[in-house]
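One structure is given here, and the rest of the page talks about it.
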Amino acid sequence: MLNRASKPFVRLVERYLPDPYIFVLLLTLVVFIAAMGVEGQSPTAVVGMWGDGFWNLLTFSMQMLLVLISGYMLANTPLVKGILDRIAALARSPGQAIILVTFVALVASWINWGFGLVVGALFAKALARRIQVHYPLLIASAYSGFIVWHGGLAGSIPLTIATEGHFAQDMIGVIGTGDTIFAFFNLAIVVGLFILVPVVNRLMLPPQSESIFVDPGKLDDGGAETPTITRPAEHLENSRILAWLVGFAGLAFAFQYFTQGGGLNLNIVNFMFLFLAIILHQTPRRLLTSLNEAISGGAGIVIQFPFYAGIMAIMTQSGLAGTISSGFASIASAETLPFWSFISAGVVNIFVPSGGGQWAVQAPVMIPAAQQLGADIPRVAMAVAWGDAWTNLLQPFWALPVLAIAGLKAKDIMGYCLLLLFITGVLISLGLTFL
């Protein structure tokens with residue numbers, strides 16, 4: 001049934017979804033018009049907001065780029081790729097391949113969103129080399145695991161409010177991950193998605209006669225080459241000892257950090273993934289080769305994040321984001337505010353596809369609303385986080401690394417993601433409201 005239901009969505013997206021770069025340009029124009037039409041801002045004022053805010057997310061952009069790059073390099077190590085190949089051998093049919101890639105992507109994304117994006121794509125390719133399975137849905141399934149990232153260990157909103165000195169600390173203090181990531185309601189949503197998403201993806205699988213296959217030969221990543229050393233500097237580039245001395249020093253710092261009471265945040269997550277990658281790649285040369293591959297997948301972040309920073313500046317300074325969020329908050333009660341925060345975050349995420357950036361936009365509205373209504377602030381914060389993660393199924397920006405690895409276009413997978421968006425939205429809404 002879901003296979004038939006997905007067809008209209010697939011056709012719709014294939015026909016009308018532009019390239020993500022075109023998408024951000026169109027969003028920029030939409031926000032320009034909305035700021036002038038809804039908020040009464042002058043064209044000159046809007047242009048000023050946009051230009052002044054264009055580079056406001058450089059630090060955050062670098063953190064996000066490092067999440068992707070460190071996750072990619074770790075996923076691309078011989079140990080991890082070998083594990084993925086062995087797990088891929090468990091699938092005996094197209095249906096099993098869809099379920100397996102979804103589950104692996106969910107687990108990996110819960111650990112780290114960059115790691116999950118890359119692991120999902122690499123694992124999908126490993127499966128496609130073994131089994132004839134509808135390739136667009138296979139890659140869509142790999143990307144669908146990304147939906148749990150903001151409820152996981154690398155969620156930028158829960159990690160931000162758990163970090164000393166965050167921008168909203170004077171309003172809410174520091175909120176530990178025990179009240180957000182590891183709270184019962186959040187873990188229940190995660191478990192529910194671990195069950196629901198693989199089942200939905202499996203039910204969308206078309207029959208073999210309608211499937212699109214990929215030539216396994218085109219998916220061969222090749223093996224690690226034995227380096228030929230012709231000059232003294234190459235001894236250092238291929239030195240395991242050098243890499244391991246620095247790598248284990250990094251892990252020693254991470255161990256010291258946690259034993260002294262340090263908590264999870266973006267910087268320590270990136271730090272651990274980077275130094276694990278240094279160790280598991282074994283030599284600096286292998287790490288640098290993986291880095292060069294990872295950089296290409298992050299090109300979209302580099303060019304598009306400044307535009308999203310400009311959009312965010314217009315949304316914030318013109319009052320447009322506040323109008324959207326306040327509109328939802330005004331009809332809420334203490335019990336329903338998490339639901340409306342979730343919905344409003346889903347809408348705002350289409351324009352500001354950055355969890356941390358979105359929290360900067362919505363926190364000044366949602367925190368006072370929660371305090372006024374007596375709502376649970378950690379739950380409201382996680383509702384914003386889930387709203388951000390939820391509509392990433394519709395916003396193609398974060399699919400860029402997956403698509404780059406898989407060799408597909410956004411229009412190839414977003415039809416399946418759009419149907420999944422409606423189904424998962426029900427589960428997340430119920431969890432935030434009633435658990």
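We label chains A, B, ... in the order they appear in the structure tokens, count residues from 1 in each chain, and number ligands from 1 in the order shown.
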>> Taking 5 positions as the minimum chain separation for residues in the same chain, which residues sit within 10 Å of stretch 397-414 of chain A when counting only C-alpha atoms? Answer as a PyMOL selection string.
In response: chain A and resi 9-21+23-24+68+72+113-114+116-122+124-125+135-144+146+218-219+293-301+304-305+350+353-354+392+419-421
> Do you know which residues are at most 12 Å from A:Ile324 counting only C-alpha atoms, after dropping those on the same chain fewer than 4 positions away, and could you put them as a list in words?
Replying inline: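 Listing them by chain and then by number gives Ala34, Ala35, Val38, Glu39, Met315, Thr316, Ser318, Gly319, Leu320, Phe328, Ala329, Ser330, Ile331, Trp340, Ser341, Ile343, Ser344, Ala345, Gly346, Val347, Val348, Asn349, Phe351, Val361, Gln362, Val365 and Met366 of chain A.
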Expected file contents, prior selection, N, CA, C and O atoms, as a compact mmCIF listing (two decimals), in the first residue's frame:
# COMPACT_ATOMS: atom_id res chain seq x y z
N ALA A 34 8.81 38.26 2.61
CA ALA A 34 8.02 38.12 3.83
C ALA A 34 8.38 39.18 4.86
O ALA A 34 7.50 39.72 5.54
N ALA A 35 9.68 39.49 4.99
CA ALA A 35 10.09 40.51 5.96
C ALA A 35 9.51 41.87 5.60
O ALA A 35 9.13 42.66 6.47
N VAL A 38 5.17 41.13 5.63
CA VAL A 38 4.57 40.78 6.92
C VAL A 38 5.02 41.72 8.03
O VAL A 38 4.21 42.17 8.86
N GLU A 39 6.32 42.04 8.04
CA GLU A 39 6.86 42.84 9.14
C GLU A 39 6.99 44.32 8.80
O GLU A 39 7.37 45.12 9.66
N MET A 315 15.28 36.69 9.48
CA MET A 315 14.20 36.09 10.27
C MET A 315 14.20 36.65 11.69
O MET A 315 13.15 36.94 12.27
N THR A 316 15.38 36.80 12.26
CA THR A 316 15.49 37.23 13.66
C THR A 316 15.29 38.73 13.81
O THR A 316 14.47 39.19 14.61
N SER A 318 14.14 41.05 11.68
CA SER A 318 12.90 41.65 11.17
C SER A 318 11.70 41.33 12.04
O SER A 318 10.66 41.98 11.95
N GLY A 319 11.86 40.31 12.90
CA GLY A 319 10.74 39.87 13.74
C GLY A 319 9.94 38.75 13.11
O GLY A 319 8.97 38.26 13.71
N LEU A 320 10.35 38.28 11.92
CA LEU A 320 9.58 37.26 11.21
C LEU A 320 9.58 35.93 11.97
O LEU A 320 8.53 35.28 12.10
N PHE A 328 2.39 30.36 17.09
CA PHE A 328 2.14 29.02 17.62
C PHE A 328 2.05 29.05 19.15
O PHE A 328 1.18 28.40 19.75
N ALA A 329 2.95 29.80 19.79
CA ALA A 329 2.95 29.83 21.25
C ALA A 329 1.68 30.45 21.82
O ALA A 329 1.23 30.09 22.91
N SER A 330 1.08 31.39 21.08
CA SER A 330 -0.11 32.09 21.59
C SER A 330 -1.32 31.19 21.70
O SER A 330 -2.26 31.51 22.44
N ILE A 331 -1.33 30.09 20.98
CA ILE A 331 -2.48 29.19 21.04
C ILE A 331 -2.19 27.96 21.89
O ILE A 331 -2.97 27.01 21.90
N TRP A 340 3.39 22.55 19.76
CA TRP A 340 3.45 23.72 18.89
C TRP A 340 4.88 24.17 18.66
O TRP A 340 5.21 24.73 17.60
N SER A 341 5.74 23.96 19.64
CA SER A 341 7.17 24.25 19.44
C SER A 341 7.74 23.35 18.36
O SER A 341 8.55 23.78 17.53
N ILE A 343 6.04 21.91 15.85
CA ILE A 343 5.51 22.32 14.54
C ILE A 343 6.19 23.60 14.05
O ILE A 343 6.60 23.71 12.88
N SER A 344 6.31 24.58 14.94
CA SER A 344 6.92 25.84 14.53
C SER A 344 8.38 25.64 14.15
O SER A 344 8.88 26.25 13.19
N ALA A 345 9.08 24.77 14.89
CA ALA A 345 10.48 24.48 14.55
C ALA A 345 10.58 23.81 13.19
O ALA A 345 11.52 24.07 12.43
N GLY A 346 9.61 22.95 12.89
CA GLY A 346 9.60 22.31 11.58
C GLY A 346 9.45 23.31 10.46
O GLY A 346 10.10 23.20 9.41
N VAL A 347 8.61 24.34 10.68
CA VAL A 347 8.42 25.38 9.67
C VAL A 347 9.68 26.24 9.55
O VAL A 347 10.19 26.49 8.44
N VAL A 348 10.21 26.69 10.69
CA VAL A 348 11.39 27.55 10.68
C VAL A 348 12.59 26.81 10.07
O VAL A 348 13.42 27.40 9.38
N ASN A 349 12.69 25.50 10.31
CA ASN A 349 13.82 24.72 9.80
C ASN A 349 13.92 24.74 8.28
O ASN A 349 15.01 24.60 7.72
N PHE A 351 13.60 27.25 6.52
CA PHE A 351 14.31 28.48 6.19
C PHE A 351 15.68 28.55 6.87
O PHE A 351 16.59 29.21 6.36
N VAL A 361 17.32 31.37 17.02
CA VAL A 361 16.15 32.09 16.54
C VAL A 361 14.96 31.90 17.47
O VAL A 361 14.25 32.86 17.79
N GLN A 362 14.72 30.67 17.91
CA GLN A 362 13.48 30.35 18.62
C GLN A 362 13.58 30.42 20.14
O GLN A 362 12.57 30.61 20.81
N VAL A 365 11.94 33.28 22.02
CA VAL A 365 10.48 33.26 22.00
C VAL A 365 9.94 32.12 22.85
O VAL A 365 9.04 32.31 23.68
N MET A 366 10.49 30.93 22.66
CA MET A 366 9.94 29.74 23.30
C MET A 366 10.25 29.67 24.80
O MET A 366 9.43 29.18 25.58
> Of the residues A:Gly387, A:Gly261, A:Pro43, A:Pro207, which is the one nearest to A:Gly355, using only C-alpha atoms?
Replying inline: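 Once distances to A:Gly355 are computed over only C-alpha atoms, the minimum belongs to A:Gly387.
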> Using only C-alpha atoms, which residues sit within 7 Å of A:Ala254 once same-chain residues fewer than 4 positions away are excluded, as a PyMOL selection string?
Replying inline: chain A and resi 250+258+272
>> Nearest residue to A:Val46 out of A:Ala89, A:Ile98, A:Leu29, A:Leu203, using only C-alpha atoms?
In response: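 That would be A:Leu29, the residue with the smallest distance to A:Val46.
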>> Considering only alpha helix (DSSP H) as DSSP defines it on the backbone, what residues of stretch 284-353 of chain A qualify? List them as a count of residues only.
In response: 58
> Within 7 Å of A:Ser333, counting only C-alpha atoms, which residues qualify if same-chain residues fewer than 3 places away don't, as a list in words?
Replying inline: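 In the requested form, the answer reads Thr336, Leu337 and Leu373 of chain A.
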If you keep N, CA, C and O atoms, can you produce a file of those selected residues as a PDB file, in the first residue's frame?
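Here's the written file selection-v7.pdb:
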ATOM      1  N   THR A 336       0.480  21.694  25.731  1.00  0.00           N
ATOM      2  CA  THR A 336       0.579  21.621  24.271  1.00  0.00           C
ATOM      3  C   THR A 336       1.730  22.445  23.696  1.00  0.00           C
ATOM      4  O   THR A 336       1.997  22.360  22.499  1.00  0.00           O
ATOM      5  N   LEU A 337       2.407  23.234  24.533  1.00  0.00           N
ATOM      6  CA  LEU A 337       3.503  24.046  24.009  1.00  0.00           C
ATOM      7  C   LEU A 337       4.585  23.197  23.342  1.00  0.00           C
ATOM      8  O   LEU A 337       5.101  23.604  22.290  1.00  0.00           O
ATOM      9  N   LEU A 373       3.852  29.982  30.744  1.00  0.00           N
ATOM     10  CA  LEU A 373       2.826  28.942  30.814  1.00  0.00           C
ATOM     11  C   LEU A 373       3.133  27.868  31.848  1.00  0.00           C
ATOM     12  O   LEU A 373       2.275  27.040  32.162  1.00  0.00           O
TER      13      LEU A 373
END
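A straight line drawn from atom CA of A:Ala233 to atom CA of A:Arg286 is 14.8 Å long.
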> Which residues come within 12 Å of A:Trp386, counting only C-alpha atoms, excluding same-chain residues fewer than 3 positions away, as a ChimeraX atom specification?
Replying inline: /A:146-152,155-158,180-181,185-186,189-190,193,338-347,349,355,358-359,379-383,389-393,424-425,427-429,431-432
